[in-house]
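One structure below.
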Amino acid sequence: MTQKALPISFLSDFGLADEFVGVVHGVLAKLAPDSRVIDVGHGLGRGDVRAAALALTRAIQYLPEGVALVVVDPGVGSERKALAVETGWGYFVGPDNGVLSPAVAMMGGATVMVSIDNPEARIPSPGETFHGRDVFAPAAALLASGEAAIRELGPELGPGEVQPLLLPLPETEGNMVVGEAWWVDRFGNVQTNIGPDDLGAIGLSPGSVLTVRLGATLHAIPWVGAYSDVEPEQSLIHVDSAGLIAIAVRDGSAAQRLNLSSGVSVTLAGTASTEAE
Amino acid sequence: MTQKALPISFLSDFGLADEFVGVVHGVLAKLAPDSRVIDVGHGLGRGDVRAAALALTRAIQYLPEGVALVVVDPGVGSERKALAVETGWGYFVGPDNGVLSPAVAMMGGATVMVSIDNPEARIPSPGETFHGRDVFAPAAALLASGEAAIRELGPELGPGEVQPLLLPLPETEGNMVVGEAWWVDRFGNVQTNIGPDDLGAIGLSPGSVLTVRLGATLHAIPWVGAYSDVEPEQSLIHVDSAGLIAIAVRDGSAAQRLNLSSGVSVTLAGTASTEAE
Amino acid sequence: MTQKALPISFLSDFGLADEFVGVVHGVLAKLAPDSRVIDVGHGLGRGDVRAAALALTRAIQYLPEGVALVVVDPGVGSERKALAVETGWGYFVGPDNGVLSPAVAMMGGATVMVSIDNPEARIPSPGETFHGRDVFAPAAALLASGEAAIRELGPELGPGEVQPLLLPLPETEGNMVVGEAWWVDRFGNVQTNIGPDDLGAIGLSPGSVLTVRLGATLHAIPWVGAYSDVEPEQSLIHVDSAGLIAIAVRDGSAAQRLNLSSGVSVTLAGTASTEAE
C-alpha cells in the first residue's frame, strides 16, 4: 500500500455556480492529499449520460493513468449501483448508468468491477447522501492513495451485472453511410459517429465532395484536410481531432448554419456532378 | 516556521470571465509554492455575503484543515477591516463583513482575530488596491506557508470589533415552524433554514405529509427519506445533504414549480386530512 | 536537465463547457507531472487576441516565473507559426498572432524565439491537429519539466519574423488626451489605455473633475483615490489596480451607465466650471 499517489481526473455535470465541485475537491484533498486532481470538465448538460460518456472517451487517452471520477448521475437516489472498475489504464469510479462503459472498453475492458457498498468506504451524511461527496470521491481517493484495494470497496460484479451504454453505430446502406451528430462543441463544430474508414469503405476519400443529407435537405460539402483548405465562412468536412468525421464552418458555426444538434441523423454519400455549396 | 505547507481553500464572487481568480492563484503560487489550492467556487452572486457565508458553512467540514480564503466584498474601498482569524480548524482570511462568521462559529469560534494592517504583509499596487490580490491572498499565503504568524499580520481585535452575520433562525409558533428559503442550488432544490429537530419538536417525522405555506398558497408535500420515495416529477421534503430541511422535485426544479427563491418565507406544519398534492 | 519543475500558467478562450481545458491539463500532467498548473482564465471572448494579450499583460507580474501557455488562436489551421519565446521571466508558448507580444515586451523582451516545428515535440493526432493539445501543451510541458531546451523545439526566429500586436497608444491633443476603452470587467468597470502620467502631462491630478467625452456626449466625473470617495451609484475616475485610468460607478456598472464597450474612443480633459454629474 505504499504506491505513489495516483492522479485523479474528475468529470461532472455539477456546473460551477455552487460549491459542489469544490466540496468534492475538498474530500479528495483530505483523503488523497498527495494526488494531483485534474478537472476534465463540469459544464456538461445536467444528467446527460451520453454526452459525459463521449467526453470521457475523447479525453481518456490524454489523461494521466490513475483514477477517473465521473459524477453524472440522473438516477441518484434510485437503486442504481455505485461502481469502481479496474482496467489496464487505471480505475474508473462513477454511477452504474453506462457513463463509464465506452471509456472502459476503449482502455481494454474491465479486469475487476465492484459495487461500492462497504460502509467504511463512505462518508456518513447528515442527511440525504450526496453521492459525489460521500460515495464516489472517497472511493476514488482510497484507490488513488492506495489506502484501499478495489475489492475492499464492495462485492465483485460480473459483466452482466452492470449497465452498458448503447451508442449508435453508423450503418452503410448501398453507397451511403447513415450516422448521427453526437457532439456540438462550443465553436459549433459538429462531430458525427462516422469514422473515415466508414467513408473509405464506400469509396470516398479526402478531396471528395460529399453529399450531406440532413432531414430533407442536401448539402454538397468538400472533405478537406484542414480548415485552411476552404475559404472563411465555407463549410467543410474533415477528420476532427478525435479522429471522427465532423462538419465545420471555417471561422463560423456549422451547428448554426445547418441547424444541427446532438442526435440529429446525418447521411453522407459521394456526389458525381454536384458543386460544393 | 518549518511547518508543512497548509492547503488553501479559495471562495470568491469573481466569476471566471476575467483573470481575477487566476491572478489570486498566481500570488498564492508565488508566496506559498508548496500549498495545494482548492477552488471552493467563484460563481456566487456578486457581493452576496449571505450566500457566500452559507456556501462556506456547508463546505467547511469537507475542506482540508488549513486556510480558507474568502473574497466576497461589496464594501471594498470602504473602511471595513481585512480579517485573519485563527480557529481549531485553521485560519480564515477575508473581509470583515460577516462572511466568515458562521463558518468560524461552526469550527468552534475564533482563538485569535487580527486586522491585516501590516504593510509588509501586503503587495503594493500600481493603483487602486485589488484586495483579493494585494491583501487577502498574501495574508493567506503567509499563514499557509508559515512565513508569518497571525499576530504579525496586524493588531489583534476583540470579539466586539468584528461584524457578525445575522442569519435568520426558524421560529416555532404553535404547531408551525416559520423559516425561510436560503439557498436554491443549480438543480432547483430549495434548502431552508429549518432543521429536522425543529419539525420533530412539533411532532413531525419522516413519513408525515407536511403542509407547506408559501405566501397565501398551501401545498401538501410528503417528508420522505430519499428522492426515490416519490414518483418522478413529484414534490418532496427531505433532509438534504447538509442536514437541513429542503424542498425538491424528483427529476425537476422545486424553485421553478413553487416559485421559490432565496429569502422567501416558508412555513411548515403537519396535516390531518390533506392528501399529498 | 535536472532543474526544478517550473509552474505553468494557462490562458485560453476554450470556455468550460467542453473538455478542451481538461484535456490540455491532462497532457501537462502526463508530460510535466511535477509542474503546478495555474488557470489564468478560459472565459475570454472566442478568438479575441487583443483581450487575451491585455489579460496576460495585467496578470503576468503576479504569476510565478515559469511557463505561460496561451491558446487564443483564431487562425488555427492557417500558416501562422507556433511560438516558444524565452525571456527573463521564463517561457511563453502560443500562436504567432501577437497574443504574447505585450507580455513578452513587459518582461524585458525575447532572448530566444523559435518556431515549434520539431515533430518529436508534438503529439500525433488521429485527425485534425488540436494545437492546444498536440503542439502548445507538449512544448510548454517539455520546457517546464526541463525535458527539452527551447532550441530543440524548432528553428530560431529573428525579431522581424514574428507578428507584433499593435495596441493603440493614447494621444495628447492640446489639453486633451484621446484614448480608448480596452477592457470592461465583469463588474462593469472600464479600463482605458490612458495612464495617470498622460493626465499629469496636461496638468490634471487626483482631485480634479475631468470632462469625459464619449461620442458626442460630455460627462463631468471626478478623479478620486478610491471608490469610497464618491457616494454609492456615483461615477468616478481612478487609477485602477493595473495602474491605468479607469471609469467606474461605485456599486454599479460604468459600462452600462455610459454605454461603453471595448474599443470605444474616450477623450479626457480638465474642466473649469463644470460640476460633477
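In the C-alpha cells, chains take the letters A, B, ... in the order shown, each chain's residues start at 1, and ligands count up from 1 in the order shown.
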
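Once Asn259 in chain B and its same-chain neighbours fewer than 6 positions away are set aside, B:Ala181, B:Val184, B:Gly188, B:Asn189, B:Val190, B:Leu214, B:Gly215, B:Thr217, B:Ile247, B:Ser253, B:Ser265, B:Val266 remain within 12 Å of it when counting only C-alpha atoms.
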
Kindly provide the residues of chain C that approach chain A to within 7 Å, each paired with its closest atom pair and their distance in Å to one decimal, based on only C-alpha atoms, listed by chain and increasing number, as a Markdown table.
| residue | atom | partner | partner_atom | distance |
| --- | --- | --- | --- | --- |
| C:Leu16 | CA | A:Gly43 | CA | 6.0 |
| C:Ala17 | CA | A:Gly43 | CA | 4.4 |
| C:Asp18 | CA | A:Gly41 | CA | 6.4 |
| C:Glu19 | CA | A:Gly41 | CA | 5.2 |
| C:Gly22 | CA | A:Val40 | CA | 3.9 |
| C:Val23 | CA | A:Ala59 | CA | 5.7 |
| C:His25 | CA | A:Ile38 | CA | 6.6 |
| C:Gly26 | CA | A:Leu63 | CA | 4.3 |
| C:Val27 | CA | A:Tyr62 | CA | 5.6 |
| C:Ala29 | CA | A:Pro64 | CA | 6.4 |
| C:Lys30 | CA | A:Pro64 | CA | 5.1 |
| C:Gly77 | CA | A:Ser228 | CA | 5.5 |
| C:Ser78 | CA | A:Ser228 | CA | 5.3 |
| C:Ser125 | CA | A:Ser241 | CA | 6.2 |
| C:Pro126 | CA | A:Gly243 | CA | 4.6 |
| C:Gly127 | CA | A:Gly243 | CA | 4.6 |
| C:Glu128 | CA | A:Ser241 | CA | 4.6 |
| C:Thr129 | CA | A:Ser241 | CA | 5.7 |
| C:Phe130 | CA | A:Ser241 | CA | 5.6 |

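Here CA of Tyr91 in chain B and CA of Ser115 in chain B stand 13.3 Å from one another.
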
Requested in this report: Name the closest residue to Val99 in chain C among the candidates C:Leu258, C:Leu54, C:Leu199, C:Leu210; distances are taken between atoms, counting only C-alpha atoms.
Outcome: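 Closest to Val99 in chain C of all the choices is C:Leu54.
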
Query - Neighbour list for Pro95 in chain C as an MDAnalysis selection string, cut-off 12 Å, only C-alpha atoms, skip fewer than 6 positions in-chain - result: chainID C and resid 12 47 49 52:53 69:85 101 114:116 131:132 135:137 139 162:164

Query - Interatomic distance, CA of Glu147 in chain B to CA of Ala5 in chain B (Å, one decimal) - result: 9.8 Å

Query - DSSP-assigned helix (DSSP H, G or I) members of range 66-230 of chain A, reported as number ranges by chain - result: A: 101-106, 119-121, 131-145, 150-152, 159-161, 196-200, 227-229

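One finds CA of Asp134 in chain C at 11.7 Å from CA of Phe20 in chain C.
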
Report task. Please return as a PyMOL selection string: the residues of range 33-220 of chain B that backbone DSSP assigns to strand (DSSP E). Result -> chain B and resi 37-41+67-71+82-86+91-95+112-115+171-173+176-184+190-192+209-214+217-220

Residue selection dump (N, CA and C atoms) as a tab-separated table (two decimals), in the first residue's frame:
chain	number	residue	atom	x	y	z
B	37	VAL	N	-4.02	24.40	-3.60
B	37	VAL	CA	-5.12	25.37	-3.59
B	37	VAL	C	-6.38	24.71	-4.14
B	38	ILE	N	-7.46	24.82	-3.39
B	38	ILE	CA	-8.75	24.25	-3.77
B	38	ILE	C	-9.71	25.38	-4.07
B	39	ASP	N	-10.32	25.34	-5.26
B	39	ASP	CA	-11.33	26.34	-5.59
B	39	ASP	C	-12.68	25.86	-5.05
B	40	VAL	N	-13.16	26.50	-4.00
B	40	VAL	CA	-14.46	26.13	-3.44
B	40	VAL	C	-15.57	26.58	-4.38
B	41	GLY	N	-15.35	27.68	-5.06
B	41	GLY	CA	-16.31	28.19	-6.03
B	41	GLY	C	-16.10	29.67	-6.24
B	67	VAL	N	-6.13	26.88	5.42
B	67	VAL	CA	-6.51	28.28	5.32
B	67	VAL	C	-7.72	28.40	4.40
B	68	ALA	N	-8.76	29.10	4.86
B	68	ALA	CA	-9.90	29.43	4.00
B	68	ALA	C	-9.78	30.90	3.61
B	69	LEU	N	-9.73	31.15	2.30
B	69	LEU	CA	-9.58	32.49	1.74
B	69	LEU	C	-10.89	32.85	1.06
B	70	VAL	N	-11.57	33.87	1.56
B	70	VAL	CA	-12.91	34.22	1.07
B	70	VAL	C	-12.91	35.67	0.62
B	71	VAL	N	-13.20	35.90	-0.66
B	71	VAL	CA	-13.24	37.27	-1.16
B	71	VAL	C	-14.59	37.55	-1.79
B	82	ALA	N	-9.82	44.21	7.05
B	82	ALA	CA	-9.42	42.93	6.45
B	82	ALA	C	-9.05	42.01	7.61
B	83	LEU	N	-9.69	40.86	7.67
B	83	LEU	CA	-9.56	39.97	8.84
B	83	LEU	C	-8.72	38.73	8.57
B	84	ALA	N	-7.97	38.33	9.58
B	84	ALA	CA	-7.43	36.97	9.64
B	84	ALA	C	-7.84	36.40	10.99
B	85	VAL	N	-8.37	35.18	10.96
B	85	VAL	CA	-8.97	34.58	12.16
B	85	VAL	C	-8.36	33.20	12.36
B	86	GLU	N	-7.94	32.91	13.58
B	86	GLU	CA	-7.43	31.58	13.89
B	86	GLU	C	-8.51	30.78	14.61
B	91	TYR	N	-7.05	28.68	9.65
B	91	TYR	CA	-7.19	30.12	9.52
B	91	TYR	C	-8.28	30.49	8.53
B	92	PHE	N	-8.97	31.60	8.80
B	92	PHE	CA	-9.92	32.20	7.86
B	92	PHE	C	-9.43	33.60	7.54
B	93	VAL	N	-9.41	33.93	6.24
B	93	VAL	CA	-8.96	35.24	5.79
B	93	VAL	C	-10.03	35.82	4.87
B	94	GLY	N	-10.45	37.05	5.14
B	94	GLY	CA	-11.45	37.69	4.28
B	94	GLY	C	-11.89	39.01	4.86
B	95	PRO	N	-12.83	39.67	4.17
B	95	PRO	CA	-13.28	40.97	4.64
B	95	PRO	C	-14.13	40.87	5.90
B	112	VAL	N	-7.88	33.66	17.86
B	112	VAL	CA	-7.20	34.95	17.64
B	112	VAL	C	-7.85	35.61	16.43
B	113	MET	N	-8.06	36.93	16.50
B	113	MET	CA	-8.51	37.69	15.32
B	113	MET	C	-7.63	38.91	15.18
B	114	VAL	N	-7.18	39.19	13.95
B	114	VAL	CA	-6.37	40.40	13.72
B	114	VAL	C	-6.89	41.14	12.50
B	115	SER	N	-6.58	42.43	12.49
B	115	SER	CA	-6.84	43.26	11.33
B	115	SER	C	-5.56	43.30	10.49
B	171	GLU	N	-38.60	29.98	13.59
B	171	GLU	CA	-39.35	30.17	14.83
B	171	GLU	C	-40.53	29.21	14.88
B	172	THR	N	-40.77	28.68	16.09
B	172	THR	CA	-41.91	27.79	16.26
B	172	THR	C	-43.09	28.60	16.80
B	173	GLU	N	-44.21	28.55	16.07
B	173	GLU	CA	-45.43	29.26	16.50
B	173	GLU	C	-46.53	28.23	16.58
B	176	MET	N	-46.60	25.20	14.15
B	176	MET	CA	-45.99	25.54	12.88
B	176	MET	C	-44.53	25.95	13.10
B	177	VAL	N	-43.71	25.71	12.10
B	177	VAL	CA	-42.36	26.26	12.10
B	177	VAL	C	-42.26	27.25	10.95
B	178	VAL	N	-41.88	28.50	11.29
B	178	VAL	CA	-41.77	29.55	10.28
B	178	VAL	C	-40.28	29.80	10.01
B	179	GLY	N	-39.88	29.51	8.78
B	179	GLY	CA	-38.48	29.73	8.41
B	179	GLY	C	-38.41	30.42	7.07
B	180	GLU	N	-37.30	30.19	6.37
B	180	GLU	CA	-37.21	30.76	5.03
B	180	GLU	C	-36.30	29.91	4.14
B	181	ALA	N	-36.48	30.13	2.85
B	181	ALA	CA	-35.59	29.52	1.87
B	181	ALA	C	-34.27	30.27	1.92
B	182	TRP	N	-33.15	29.55	2.01
B	182	TRP	CA	-31.91	30.34	1.97
B	182	TRP	C	-30.89	29.87	0.95
B	183	TRP	N	-31.23	28.90	0.15
B	183	TRP	CA	-30.35	28.54	-0.97
B	183	TRP	C	-31.12	27.75	-2.00
B	184	VAL	N	-31.01	28.15	-3.24
B	184	VAL	CA	-31.53	27.37	-4.35
B	184	VAL	C	-30.32	26.90	-5.15
B	190	VAL	N	-34.43	23.51	-3.01
B	190	VAL	CA	-34.56	24.68	-2.15
B	190	VAL	C	-34.24	24.28	-0.71
B	191	GLN	N	-33.10	24.77	-0.23
B	191	GLN	CA	-32.72	24.49	1.15
B	191	GLN	C	-33.33	25.56	2.05
B	192	THR	N	-33.90	25.14	3.19
B	192	THR	CA	-34.44	26.10	4.15
B	192	THR	C	-33.48	26.22	5.34
B	209	VAL	N	-47.02	13.76	5.99
B	209	VAL	CA	-47.27	14.71	4.90
B	209	VAL	C	-47.32	16.09	5.55
B	210	LEU	N	-46.51	17.03	5.03
B	210	LEU	CA	-46.45	18.37	5.63
B	210	LEU	C	-47.31	19.35	4.86
B	211	THR	N	-47.82	20.33	5.57
B	211	THR	CA	-48.45	21.47	4.92
B	211	THR	C	-47.40	22.56	4.80
B	212	VAL	N	-47.17	22.97	3.56
B	212	VAL	CA	-46.15	23.97	3.29
B	212	VAL	C	-46.86	25.24	2.85
B	213	ARG	N	-46.71	26.30	3.65
B	213	ARG	CA	-47.33	27.56	3.25
B	213	ARG	C	-46.28	28.48	2.64
B	214	LEU	N	-46.54	28.89	1.40
B	214	LEU	CA	-45.68	29.83	0.69
B	214	LEU	C	-46.57	30.99	0.29
B	217	THR	N	-50.42	30.46	-0.45
B	217	THR	CA	-50.71	29.16	-1.04
B	217	THR	C	-50.27	28.03	-0.10
B	218	LEU	N	-51.12	27.01	-0.01
B	218	LEU	CA	-50.77	25.83	0.78
B	218	LEU	C	-50.46	24.66	-0.15
B	219	HIS	N	-49.42	23.91	0.19
B	219	HIS	CA	-49.09	22.71	-0.55
B	219	HIS	C	-48.97	21.56	0.44
B	220	ALA	N	-49.42	20.38	0.06
B	220	ALA	CA	-49.20	19.19	0.90
B	220	ALA	C	-48.09	18.38	0.25

**Report entry** Neighbour list for Gly88 in chain A as a PyMOL selection string, cut-off 10 Å, only C-alpha atoms, skip fewer than 3 positions in-chain
**Finding:** chain A and resi 65-66+91+104+107-111

Pick out the residues sitting within 9 Å of Arg257 in chain B, and hand them over as a PDB file with C-alpha atoms, in the first residue's frame; count only C-alpha atoms, and ignore anything fewer than 5 positions along from it in its own chain.
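Saved the output as selection07.pdb:
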ATOM      1  CA  SER B 235     -42.535  17.230  -4.888  1.00  0.00           C
ATOM      2  CA  VAL B 249     -38.912  17.809  -7.071  1.00  0.00           C
ATOM      3  CA  GLY B 252     -37.288  18.560 -11.626  1.00  0.00           C
TER       4      GLY B 252
END
